[in-house]
Amino acid sequence: FAMADVDLSGSAEMGIVGGDGFEDQFHTDIDVTFSMSGTTDTGLTFGASIDLDESDADRTIAGVPINNQNGTTEDIEVGGSPAFDNTTQGGETIFVSGAFGTLTMGDTDGAFDWALAEAIIGSAINDDHEHAGYNGNAGLDGTFDGQIARYDYSFGDFAFAASAEMNDENDNDDDDVFGLGAKYSGEFGTMNLGFGLGYQTRDEADIVGVSVTAGMDNGIKAILNYSDLDGVNGNDHHTGLAVGYSAGAITVAANYGIFERVDGSENEGFGLIGNYDLGGGAQLQAGYGNSDRDGVDTDRYSLGVAMSF
Amino acid sequence: FAMADVDLSGSAEMGIVGGDGFEDQFHTDIDVTFSMSGTTDTGLTFGASIDLDESDADRTIAGVPINNQNGTTEDIEVGGSPAFDNTTQGGETIFVSGAFGTLTMGDTDGAFDWALAEAIIGSAINDDHEHAGYNGNAGLDGTFDGQIARYDYSFGDFAFAASAEMNDENDNDDDDVFGLGAKYSGEFGTMNLGFGLGYQTRDEADIVGVSVTAGMDNGIKAILNYSDLDGVNGNDHHTGLAVGYSAGAITVAANYGIFERVDGSENEGFGLIGNYDLGGGAQLQAGYGNSDRDGVDTDRYSLGVAMSF
Amino acid sequence: FAMADVDLSGSAEMGIVGGDGFEDQFHTDIDVTFSMSGTTDTGLTFGASIDLDESDADRTIAGVPINNQNGTTEDIEVGGSPAFDNTTQGGETIFVSGAFGTLTMGDTDGAFDWALAEAIIGSAINDDHEHAGYNGNAGLDGTFDGQIARYDYSFGDFAFAASAEMNDENDNDDDDVFGLGAKYSGEFGTMNLGFGLGYQTRDEADIVGVSVTAGMDNGIKAILNYSDLDGVNGNDHHTGLAVGYSAGAITVAANYGIFERVDGSENEGFGLIGNYDLGGGAQLQAGYGNSDRDGVDTDRYSLGVAMSF
């Protein structure tokens with residue numbers, strides 16, 4: 001083997017987190033990523049990636065009796081890591097790429113998620129700005145085991161993707177999940193515009209989403225994301241909006257999102273962040289998020305340093 | 001420490017797998033290997049190796065109630081990784097080597113497995129060609145905790161090994177497992193011949209095996225492997241044969257194996273593979289295996305890309 | 001990212017261990033450490049560290065029924081690794097350092113442990129010399145989730161530290177744990193002297209400890225460590241003493257320690273080691289430990305090679 005084929009990168013965070021019903025406490029998190037790559041004789045590139053934290057337990061079982069506490073139970077995580085089982089995914093991605101485009105398999109985004117820009121700007125060590133109204137655009141990904149194959153192809157300012165997640169359950173006759181996505185980005189004077197369009201379908205649901213991203217030379221950026229979720233997970237529609245401003249080492253941003261649900265209720269929230277880049281991979285991050293789940297209000301906040309290596 | 005002392009290599013696979021009673025589905029697998037080495041002042045070399053996927057749960061417990069499904073149970077994997085416990089093994093190997101030979105400890109082959117060539121040629125992403133009649137020559141390895149010490153020594157075309165697996169169970173008076181192995185390889189005109197002879201013994205079983213490998217300059221290769229298993233795991237004898245042909249980037253091969261069992265039944269099977277080397281560490285792999293367990297027939301197949309980094 | 005920012009080091013051990021009620025058996029252990037570092041634009045350094053074995057299960061649950069053995073139970077390890085959860089620690093440390101000192105968070109020592117020298121010299125592959133009377137000076141660390149923040153600052157021969165472990169349990173009104181520590185080291189003729197003073201406090205306990213380390217040019221080293229433990233874990237006082245001698249590649253050492261307990265009983269023990277440095281990171285290690293828990297005597301021993309890469 002050749003050492004040059006496996007690269008390492010890492011991340012770490014230290015700080016303080018707290019919020020409603022959540023004691024103020026220290027926050028420490030860490031991860032290491034292994035990135036592998038190669039080139040075939042005909043010039044195809046291929047590679048794979050996995051994180052250290054993927055070699056972790058994968059499943060929670062509820063109601064396990066606590067030692068010596070008669071009648072008290074708790075939830076525990078168990079299971080081998082699905083990353084190292086071949087018919088499941090647990091964080092690994094593997095790809096082959098050439099003039100024909102790129103084929104990626106494993107724990108990767110379906111075409112819906114791939115195409116759409118999420119309505120969020122900036123970072124917080126505890127992701128506080130991902131509130132009850134935030135949509136990560138997972139769409140129908142994870143309907144089965146989350147093991148996805150996505151083909152994508154780009155030319156000029158355009159890119160397209162198609163994806164599939166196979167029904168690998170022996171006693172389940174549901175259709176596989178399929179997705180399509182398209183992206184465009186271009187410059188118009190002092191503005192950089194991006195558009196995304198995503199579609200996914202399974203047995204009883206067809207979802208579609210759009211996103212628009214606008215970045216201006218003066219440091220202002222805005223993202224709009226709308227999805228028709230067709231009742232998936234009880235959600236009818238989602239609308240998200242993020243606005244941010246960057247000047248030198250500083251970024252400040254706000255985002256708002258709302259799920260309109262099948263039962264007439266709403267889950268909404270807003271998030272605020274302030275980031276200061278210390279250089280060399282270190283960044284100060286302050287974050288706040290407020291969630292309103294059908295009228296019940298909670299918040300979270302964090303302050304700390306995020307590091308990338 | 002010095003970075004040069006720890007090397008990384010990796011592997012990944014992507015493709016499709018299926019077979020009898022096994023839904024066609026995606027296959028993604030990945031691993032990273034850490035190889036460490038050093039040299040003492042007197043010129044001994046020493047080292048150790050472990051894979052990322054060894055930091056995984058190690059044991060399956062059956063009959064755990066599934067959340068909120070009254071009466072239904074499932075099997076779950078639990079347990080810390082045995083790689084990081086000192087009196088168990090979980091994939092780690094550690095060695096010291098010098099003019100006296102090499103001493104290896106941990107998750108390594110006993111002398112029986114070390115000496116014998118398995119009757120298999122080529123690769124498949126799902127190892128489909130390892131069927132019900134395939135013998136990996138584990139022999140008596142794993143009788144206790146699988147933690148093995150093996151000493152081996154080679155000179156010229158000959159190599160010898162002796163191994164032990166200690167009975168470390170407090171309430172078990174069985175003898176330790178011991179093994180001996182010998183190998184020879186040499187060139188005879190256009191043919192490369194290899195011979196292996198292995199022996200292992202424990203309380204109530206003595207097993208012995210032989211293997212012959214023949215490789216010709218025209219790309220044809222054949223492996224014959226025979227073992228007298230003395231009733232271990234219910235098996236009396238095993239016979240395996242593999243034949244392969246390589247030309248340029250292509251390898252095609254077939255293998256057949258049969259266990260004759262103590263109760264008079266037979267477990268047999270055959271496997272087929274086609275491999276195409278793309279260069280740079282990538283290889284297309286197609287595999288098929290057919291298993292006949294006492295007259296009950298099943299098969300498996302896979303097609304995909306295997307990558308080594 | 002930059003490869004240079006993540007360094008790898010490793011360790012491995014092979015040998016034999018045994019003792020009272022502990023079958024003689026092979027010992028194999030291994031670990032890999034990821035060390036990450038960076039520098040901000042203003043010259044602050046920052047970094048993080050984690051071991052491969054931290055991605056392991058974290059908790060033991062007792063009384064799980066063994067498969068197919070009616071009525072028999074066992075203890076199993078479960079749980080995802082706490083290293084990758086943000087409000088727990090599981091071996092990760094993260095720091096920021098500058099002219100102001102160093103702030104470290106995660107699985108790091110409180111100021112008590114940081115300040116004090118433990119009464120132990122030399123190494124054994126199975127740490128046999130850490131007996132029933134040995135005190136690792138953990139103090140009050142781990143009172144809650146073990147996630148500690150420690151600030152330390154040094155100038156010349158002096159160093160100071162302050163630490164906190166926050167009470168992050170929702171239904172627990174106990175105070176946070178705080179600690180203070182001070183260290184001094186200096187040369188006096190042919191002798192190198194070190195002094196440590198540590199203090200930690202929580203709701204109902206104030207502990208204080210001192211240590212003195214003396215190293216002479218002739219290779220003799222001695223460590224004295226005394227702590228007033230205020231009834232924590234049932235211990236009133238601890239006294240430990242270690243003496244060692246190094247000449248060339250050889251180190252031999254002995255240590256003794258005793259816990260005087262609240263109930264009038266005593267836990268004491270002694271340890272012996274012999275180490276021979278093979279160079280290049282390999283070391284022969286022999287260790288013996290004898291523990292006396294209120295009159296009940298047990299011992300442990302080990303012999304093997306320890307490697308660092």
# chains A, B, ... in the order shown; residues from 1 in each chain; ligands from 1
$ residues_around --residues "Ser97 in chain B" --least-positions-apart "5" --cutoff "9 Å" --atoms "only C-alpha atoms" --output "short mmCIF file (atom, residue, chain, number, x, y, z; two decimals) with C-alpha atoms, in the first residue's frame"
data_model
loop_
_atom_site.label_atom_id
_atom_site.label_comp_id
_atom_site.auth_asym_id
_atom_site.auth_seq_id
_atom_site.Cartn_x
_atom_site.Cartn_y
_atom_site.Cartn_z
CA LEU B 44 15.29 -6.90 16.18
CA THR B 45 12.19 -5.70 14.39
CA PHE B 46 8.87 -5.45 16.17
CA GLY B 47 5.44 -4.25 15.27
CA THR B 102 9.30 -14.42 14.39
CA LEU B 103 7.03 -14.59 17.43
CA THR B 104 3.49 -13.34 16.76
#
$ residues_around --residues "Thr39 in chain C" --least-positions-apart "2" --cutoff "8 Å" --atoms "only C-alpha atoms" --output "compact mmCIF listing (two decimals) with N, CA, C and O atoms, in the first residue's frame"
# COMPACT_ATOMS: atom_id res chain seq x y z
N GLY A 279 -8.43 31.88 12.54
CA GLY A 279 -7.38 31.48 11.62
C GLY A 279 -6.80 30.13 11.98
O GLY A 279 -6.95 29.64 13.11
N GLY A 280 -6.17 29.47 11.03
CA GLY A 280 -5.51 28.20 11.28
C GLY A 280 -6.46 27.05 11.54
O GLY A 280 -6.04 25.97 11.94
N GLY A 281 -7.77 27.27 11.35
CA GLY A 281 -8.75 26.21 11.55
C GLY A 281 -9.56 26.35 12.82
O GLY A 281 -10.44 25.55 13.08
N ALA A 282 -9.30 27.40 13.61
CA ALA A 282 -10.06 27.61 14.85
C ALA A 282 -11.08 28.72 14.65
O ALA A 282 -10.83 29.71 13.97
N SER C 37 -3.29 19.27 15.94
CA SER C 37 -2.84 20.56 16.45
C SER C 37 -2.91 21.63 15.37
O SER C 37 -2.89 21.34 14.18
N ASP C 41 -4.14 32.75 13.87
CA ASP C 41 -3.42 33.87 13.26
C ASP C 41 -2.65 34.68 14.31
O ASP C 41 -1.60 35.25 14.01
N THR C 42 -3.18 34.74 15.54
CA THR C 42 -2.51 35.52 16.58
C THR C 42 -1.50 34.69 17.37
O THR C 42 -0.95 35.17 18.35
N GLY C 43 -1.29 33.43 16.98
CA GLY C 43 -0.25 32.64 17.60
C GLY C 43 -0.69 31.74 18.74
O GLY C 43 0.13 31.09 19.37
N LEU C 44 -1.99 31.70 19.03
CA LEU C 44 -2.48 30.70 19.98
C LEU C 44 -2.31 29.32 19.37
O LEU C 44 -2.49 29.14 18.17
N THR C 45 -1.96 28.35 20.20
CA THR C 45 -1.97 26.98 19.71
C THR C 45 -3.23 26.29 20.23
O THR C 45 -3.76 26.64 21.29
N PHE C 46 -3.72 25.33 19.45
CA PHE C 46 -4.88 24.58 19.89
C PHE C 46 -4.73 23.14 19.39
O PHE C 46 -3.95 22.88 18.47
$ atom_distance --atom1 "CA of Met36 in chain B" --atom2 "CA of Asp7 in chain B"
6.3 Å
$ select_by_dssp --residues "range 100-300 of chain C" --states "strand (DSSP E or B)" --output "VMD selection string"
chain C and resid 101 to 106 148 to 155 158 to 165 177 to 188 191 to 202 205 to 216 220 to 228 235 to 247 250 to 261 266 to 279 282 to 293 296 to 300
$ residues_around --residues "range 10-17 of chain A" --least-positions-apart "4" --cutoff "7 Å" --atoms "only C-alpha atoms" --output "list in words"
Asp24, Gln25, Phe26, His27, Thr28, Asp29, Ile30, Asp31, Val32, Thr33, Ile125, Tyr301, Ser302, Leu303, Gly304, Val305, Ala306, Met307, Ser308 and Phe309 of chain A; Ala48, Ile94 and Met105 of chain C
$ write_last_selection --atoms "C-alpha atoms" --output "short mmCIF file (atom, residue, chain, number, x, y, z; two decimals), in the first residue's frame"
data_model
loop_
_atom_site.label_atom_id
_atom_site.label_comp_id
_atom_site.auth_asym_id
_atom_site.auth_seq_id
_atom_site.Cartn_x
_atom_site.Cartn_y
_atom_site.Cartn_z
CA ASP A 24 -25.50 24.42 31.72
CA GLN A 25 -22.53 22.12 31.14
CA PHE A 26 -19.28 21.59 29.32
CA HIS A 27 -19.30 20.57 25.68
CA THR A 28 -16.45 18.48 24.21
CA ASP A 29 -16.64 16.70 20.90
CA ILE A 30 -14.09 15.21 18.55
CA ASP A 31 -13.81 13.24 15.34
CA VAL A 32 -11.23 11.97 12.86
CA THR A 33 -11.94 11.34 9.16
CA ILE A 125 -20.81 23.87 18.47
CA TYR A 301 -27.55 28.00 23.39
CA SER A 302 -23.85 27.31 23.15
CA LEU A 303 -20.55 29.17 23.17
CA GLY A 304 -17.17 27.74 22.37
CA VAL A 305 -14.30 27.07 20.00
CA ALA A 306 -14.56 24.79 16.99
CA MET A 307 -11.34 23.43 15.50
CA SER A 308 -10.62 21.74 12.20
CA PHE A 309 -7.34 19.98 11.53
CA ALA C 48 -7.12 17.71 20.49
CA ILE C 94 -9.18 19.46 23.65
CA MET C 105 -11.38 20.25 28.43
#
$ residues_around --residues "range 156-171 of chain C" --least-positions-apart "6" --cutoff "6 Å" --atoms "only C-alpha atoms" --output "list in words"
Glu23 and Gln25 of chain A; Gly110, Ala111, Phe144, Ile148, Ala149, Arg150, Val177, Phe178, Gly179, Leu180, Gly181, Ala182, Lys183, Tyr184 and Ser185 of chain C
$ residues_around --residues "Val296 in chain A" --least-positions-apart "5" --cutoff "12 Å" --atoms "only C-alpha atoms" --output "mmCIF file with N, CA and C atoms, in the first residue's frame"
data_model
loop_
_atom_site.group_PDB
_atom_site.id
_atom_site.type_symbol
_atom_site.label_atom_id
_atom_site.label_comp_id
_atom_site.auth_asym_id
_atom_site.auth_seq_id
_atom_site.Cartn_x
_atom_site.Cartn_y
_atom_site.Cartn_z
ATOM 1 N N ASP A 20 -33.381 25.371 27.968
ATOM 2 C CA ASP A 20 -34.537 24.966 28.760
ATOM 3 C C ASP A 20 -34.457 23.489 29.114
ATOM 4 N N ALA A 132 -36.798 23.280 15.869
ATOM 5 C CA ALA A 132 -37.950 22.453 15.506
ATOM 6 C C ALA A 132 -38.493 22.774 14.119
ATOM 7 N N SER A 265 -51.317 21.322 12.998
ATOM 8 C CA SER A 265 -50.390 21.986 13.923
ATOM 9 C C SER A 265 -49.162 22.490 13.166
ATOM 10 N N GLU A 266 -48.327 23.236 13.871
ATOM 11 C CA GLU A 266 -47.109 23.779 13.265
ATOM 12 C C GLU A 266 -45.908 23.566 14.192
ATOM 13 N N ASN A 267 -44.787 23.179 13.618
ATOM 14 C CA ASN A 267 -43.506 23.175 14.329
ATOM 15 C C ASN A 267 -42.637 24.244 13.687
ATOM 16 N N GLU A 268 -42.265 25.251 14.493
ATOM 17 C CA GLU A 268 -41.455 26.313 13.898
ATOM 18 C C GLU A 268 -40.350 26.719 14.852
ATOM 19 N N GLY A 269 -39.427 27.534 14.375
ATOM 20 C CA GLY A 269 -38.341 27.969 15.226
ATOM 21 C C GLY A 269 -37.425 28.938 14.502
ATOM 22 N N ASN A 290 -34.422 28.711 19.090
ATOM 23 C CA ASN A 290 -35.713 28.721 19.781
ATOM 24 C C ASN A 290 -36.688 27.860 18.991
ATOM 25 N N SER A 291 -37.277 26.864 19.677
ATOM 26 C CA SER A 291 -38.188 25.933 19.013
ATOM 27 C C SER A 291 -39.594 26.063 19.575
#
$ atom_distance --atom1 "CA of Leu140 in chain C" --atom2 "CA of Phe84 in chain B"
26.4 Å
$ atom_distance --atom1 "CA of Asn135 in chain A" --atom2 "CA of Gly289 in chain A"
13.7 Å
$ closest_residue --among "A:Ala205, A:Val6, A:Ile220, A:Val262" --to "Asp176 in chain A" --atoms "only C-alpha atoms"
A:Ala205
$ residues_around --residues "Gly136 in chain A" --least-positions-apart "6" --cutoff "10 Å" --atoms "only C-alpha atoms" --output "PyMOL selection string"
chain A and resi 113+116-120+130
